[in-house]
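Step one of this worksheet: look at the structure below.
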Amino acid sequence: MSQQHPSSQLGERKPFVIGYVGNVKKNKQFFEPFVEYCNRVRKNICSCVEIVIEKSTQNIDEKISSDDHDYEWIKKQPRVDVLFFKVTDDMVIEKSDIHAARRLKNLQYYIDLHEKDGMKVVEPLHVTRRFLDRIEIHNFLETQLASSTNVKIPHMYFISEKQDLDKLLLQQSESISYPLVCKTVAACGKSETHHMAIVFNNEQFKRVVYGDNNDAMQHTVSTPLIAQQFVNHNSTLYKIYVIGERVFYQIKPSLKNLSSSQENANIITFDSQKPFDSSISDTSVVESSLTEISYDENIQSEQHDFIFKQVSNQLRKALDVSLFGFDLVKDCRGDATSCSQYYVVDVNYFPSYKGISREILFDYIVEHLEQRVEKE
C-alpha cells in the first residue's frame, strides 16, 4: 500500500507541492512553462514553486568562506514535497566560479534540511554529477552492461594530455581500430562538448589532438578527450527518452557507414546538436515521429521496442535516475541483415525531450513526481 501523501490531513488529499531549481536556459525552456501548466491544468493535483538558491542582493565580489555562510534565508524557502532540478552547468564550473559553488552549496543545504522530514529528491546531486564526465559514464556503464548479451558500449581511448597520444601510438599503434570519434571528456556545460571529429588513421588522430596550422585548428578537439570506436549503424540512430517507467523513441538520420580503408578519407567534424550534412549522412533515412513504448507487458510490441524498454530499465536502475535520455545504435557490419548488437553511444540527464508535446511531457512529469511522493 502506498504511503499517505505528505500533504494529506484527516484522509483529505491536498495538492502536493513541487519545487524546482534551474538555470536561465532551463527555466525558460522547461520550468516556467511547467509552472504555468501546473497552475492552469493540474492545480487540483499539484502546485509548483521555484526554490531560490542565490540571494539577489549578493555582492558579486563577495568571497565564500567555510564559517561565514548565512543559511537563515534558505530556511525561509518554501517546504515542498518533491524537488527536481537541472544544475549541471554550475557543476561544470564550480571549481573555478565561487558563485556556482555557492549556489550548489545552498542547494545541498536545502536538500539536507528537508530530506530528513520526508521531501523526495529527483535526483540527488551526487547522481547527476556522473553525467558531467564521459569517462565516468563510460566506466560505469561498462561495468553495469558487462553481463548484457545484446547491449554494449563502444571501446574508447582516453587522452588526458597531448603527450598521452604519443604513448598510445607507440604502444598500441597496430591494435587501434579506426575510425574513432573524438570528443571532449566534459559532457555538458560548454559549446565545445558538442564539437566532435572522426579520424581514420594515426596522422589524423595527431592533427585532432595537436592541431594543425594549415586548417586553422578547425579539426582540433580540446584535451582531455576520449576517442570512441565508431560503430557502423546504417545511418540510423535511436534517440530514447525516459520519464520514470515511460519510454519514448525516435529514429533519426545519423552518420553513414565508414571504414578505415576508405581512400582519401578526410577528417569529419560535426556538431552533435545539429543535423548532419548530406555529405556525411545517408539521406534515405527519414526522421520518424516520436513513439511511446507501452509498459504494459500484455501488449505485444516490435522486437526493438522490447530492447529499448530493456535497456531503459537497465540504465534507470544502474544510474539511479528517472529523467534521462540516451542514444542507441545497432551494429551493422556491412549490411542490414548482419545487425545484431546494440551500442549505447551517449547518455544525458534531464534532456530537452524534444518531440514530445508539452502537454504530454508535463502530464507525465507530474505523474512521475506524484509517484515519487507517494513511494515509501
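FYI, nothing fancy with the C-alpha cells labels: chains A, B, ... in order, residues from 1 per chain, ligands from 1 as they appear.
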
Could I get the residues of stretch 58-139 of chain A with an atom no further than 12 Å from an atom of stretch 351-367 of chain A, each paired with its nearest atom pair and that distance in Å to one decimal, using only C-alpha atoms, sorted by chain and residue number, as a tab-separated table?
```
residue	atom	partner	partner_atom	distance
A:Val82	CA	A:Val366	CA	10.5
A:Leu83	CA	A:Val366	CA	11.8
A:Phe84	CA	A:Ile365	CA	10.4
A:Phe85	CA	A:Pro351	CA	11.7
A:Lys86	CA	A:Pro351	CA	9.5
A:Thr88	CA	A:Pro351	CA	11.4
A:Val122	CA	A:Ile365	CA	11.0
A:Phe131	CA	A:Pro351	CA	11.3
```

Extract the full set of strand (DSSP E or B) residues from stretch 195-263 of chain A according to DSSP on the backbone, and format it as a list of chain:residue names.
A:His195, A:Met196, A:Ala197, A:Ile198, A:Val199, A:Leu225, A:Ile226, A:Ala227, A:Gln228, A:Gln229, A:Thr236, A:Leu237, A:Tyr238, A:Lys239, A:Ile240, A:Tyr241, A:Val242, A:Ile243, A:Arg246, A:Val247, A:Phe248, A:Tyr249, A:Gln250, A:Ile251, A:Lys252, A:Pro253, A:Leu255

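Checking A:Glu174, A:Asp133, A:Asp327, A:Asp166 one by one against A:Val347, counting only C-alpha atoms, you find the shortest gap at A:Asp327.
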
Just asking: which residues within stretch 67-233 of chain A are alpha helix (DSSP H) according to DSSP, as JSON, numbers by chain?
{"A": [72, 73, 74, 75, 88, 89, 90, 91, 92, 93, 98, 99, 100, 101, 102, 103, 104, 105, 106, 107, 108, 109, 110, 111, 112, 113, 114, 115, 125, 126, 127, 128, 134, 135, 136, 137, 138, 139, 140, 141, 142, 143, 144, 162, 163, 164, 165, 166, 167, 168, 169, 170, 171, 172, 202, 203, 204, 205, 206, 207, 208, 209, 210]}

Near-A:Thr220 list (12 Å; only C-alpha atoms; drop same-chain fewer than 6 positions) as a VMD selection string
chain A and resid 162 182 to 184 192 195 to 199 204 to 214 267 to 270

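The space between atom CA of A:Ser340 and atom CA of A:Ser289 spans 23.8 Å.
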
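Residue neighbourhood of stretch 72-81 of chain A, excluding near-sequence residues (fewer than 2 positions): His5, Pro6, Ser7, Phe16, Val17, Ile18, Gly19, Cys48, Val49, Glu50, Ile51, Val52, Ile53, Glu54, Lys55, Asp70, Leu83, Asn106, Leu107, Tyr109, Tyr110, Leu113, His114, Gly118, Met119, Lys120, Val121 and Val373 of chain A, at 9 Å, using only C-alpha atoms.
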
Atoms to include: N, CA and C atoms. Write the selected residues as a compact mmCIF listing (two decimals), in the first residue's frame.
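Saved result, out.txt, follows:
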```
# COMPACT_ATOMS: atom_id res chain seq x y z
N HIS A 5 -0.09 10.49 1.46
CA HIS A 5 0.50 11.69 0.86
C HIS A 5 0.94 12.65 1.95
N PRO A 6 2.14 13.25 1.86
CA PRO A 6 2.64 14.15 2.89
C PRO A 6 1.72 15.33 3.16
N SER A 7 0.94 15.73 2.14
CA SER A 7 0.08 16.90 2.32
C SER A 7 -1.34 16.53 2.77
N PHE A 16 -0.09 18.17 -3.90
CA PHE A 16 1.28 18.10 -3.43
C PHE A 16 2.09 19.24 -4.05
N VAL A 17 3.19 19.61 -3.40
CA VAL A 17 3.96 20.77 -3.81
C VAL A 17 5.28 20.34 -4.45
N ILE A 18 5.51 20.84 -5.66
CA ILE A 18 6.74 20.55 -6.40
C ILE A 18 7.67 21.76 -6.31
N GLY A 19 8.95 21.50 -6.03
CA GLY A 19 9.94 22.56 -6.05
C GLY A 19 10.92 22.34 -7.19
N CYS A 48 3.49 24.27 -8.07
CA CYS A 48 4.94 24.25 -8.36
C CYS A 48 5.54 25.60 -8.01
N VAL A 49 6.65 25.58 -7.26
CA VAL A 49 7.31 26.81 -6.85
C VAL A 49 8.81 26.71 -7.10
N GLU A 50 9.43 27.86 -7.34
CA GLU A 50 10.88 27.89 -7.52
C GLU A 50 11.56 27.98 -6.15
N ILE A 51 12.62 27.20 -5.97
CA ILE A 51 13.46 27.30 -4.78
C ILE A 51 14.66 28.15 -5.15
N VAL A 52 14.77 29.30 -4.52
CA VAL A 52 15.84 30.25 -4.83
C VAL A 52 17.10 29.85 -4.05
N ILE A 53 18.21 29.68 -4.75
CA ILE A 53 19.44 29.24 -4.10
C ILE A 53 20.55 30.30 -4.15
N GLU A 54 20.17 31.53 -4.55
CA GLU A 54 21.14 32.62 -4.55
C GLU A 54 20.44 33.92 -4.22
N LYS A 55 20.99 34.66 -3.26
CA LYS A 55 20.43 35.95 -2.90
C LYS A 55 20.58 36.93 -4.06
N ASP A 70 25.74 32.19 5.45
CA ASP A 70 24.45 32.53 6.06
C ASP A 70 23.36 31.67 5.43
N LEU A 83 11.40 17.66 -4.95
CA LEU A 83 12.28 18.66 -5.57
C LEU A 83 12.98 18.04 -6.77
N ASN A 106 24.31 25.94 -1.37
CA ASN A 106 22.98 26.33 -0.87
C ASN A 106 21.93 25.27 -1.19
N LEU A 107 22.00 24.75 -2.40
CA LEU A 107 21.04 23.71 -2.80
C LEU A 107 21.20 22.47 -1.93
N TYR A 109 22.35 22.33 1.06
CA TYR A 109 21.86 22.64 2.40
C TYR A 109 20.34 22.52 2.45
N TYR A 110 19.67 23.06 1.42
CA TYR A 110 18.21 22.98 1.37
C TYR A 110 17.76 21.51 1.35
N LEU A 113 18.26 19.90 4.70
CA LEU A 113 17.32 20.45 5.67
C LEU A 113 15.96 19.76 5.60
N HIS A 114 15.50 19.47 4.39
CA HIS A 114 14.13 18.97 4.23
C HIS A 114 14.01 17.49 3.89
N GLY A 118 11.01 14.12 4.99
CA GLY A 118 10.14 13.47 4.00
C GLY A 118 10.17 14.00 2.59
N MET A 119 10.87 15.11 2.34
CA MET A 119 10.92 15.62 0.97
C MET A 119 11.66 14.64 0.07
N LYS A 120 11.12 14.37 -1.12
CA LYS A 120 11.76 13.49 -2.08
C LYS A 120 12.59 14.32 -3.06
N VAL A 121 13.72 13.77 -3.51
CA VAL A 121 14.62 14.48 -4.40
C VAL A 121 14.79 13.69 -5.70
N VAL A 373 6.48 10.97 -4.66
CA VAL A 373 5.98 11.47 -3.38
C VAL A 373 5.29 10.37 -2.60
```

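When atom CA of A:Val311 is paired with atom CA of A:Val21, their separation reads 28.8 Å.
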
Would you mind listing what lies within 10 Å of A:Gln314 as a PyMOL selection string, with only C-alpha atoms counted and same-chain residues fewer than 4 positions away left out?
chain A and resi 141+144-145+148+308-310+318-320
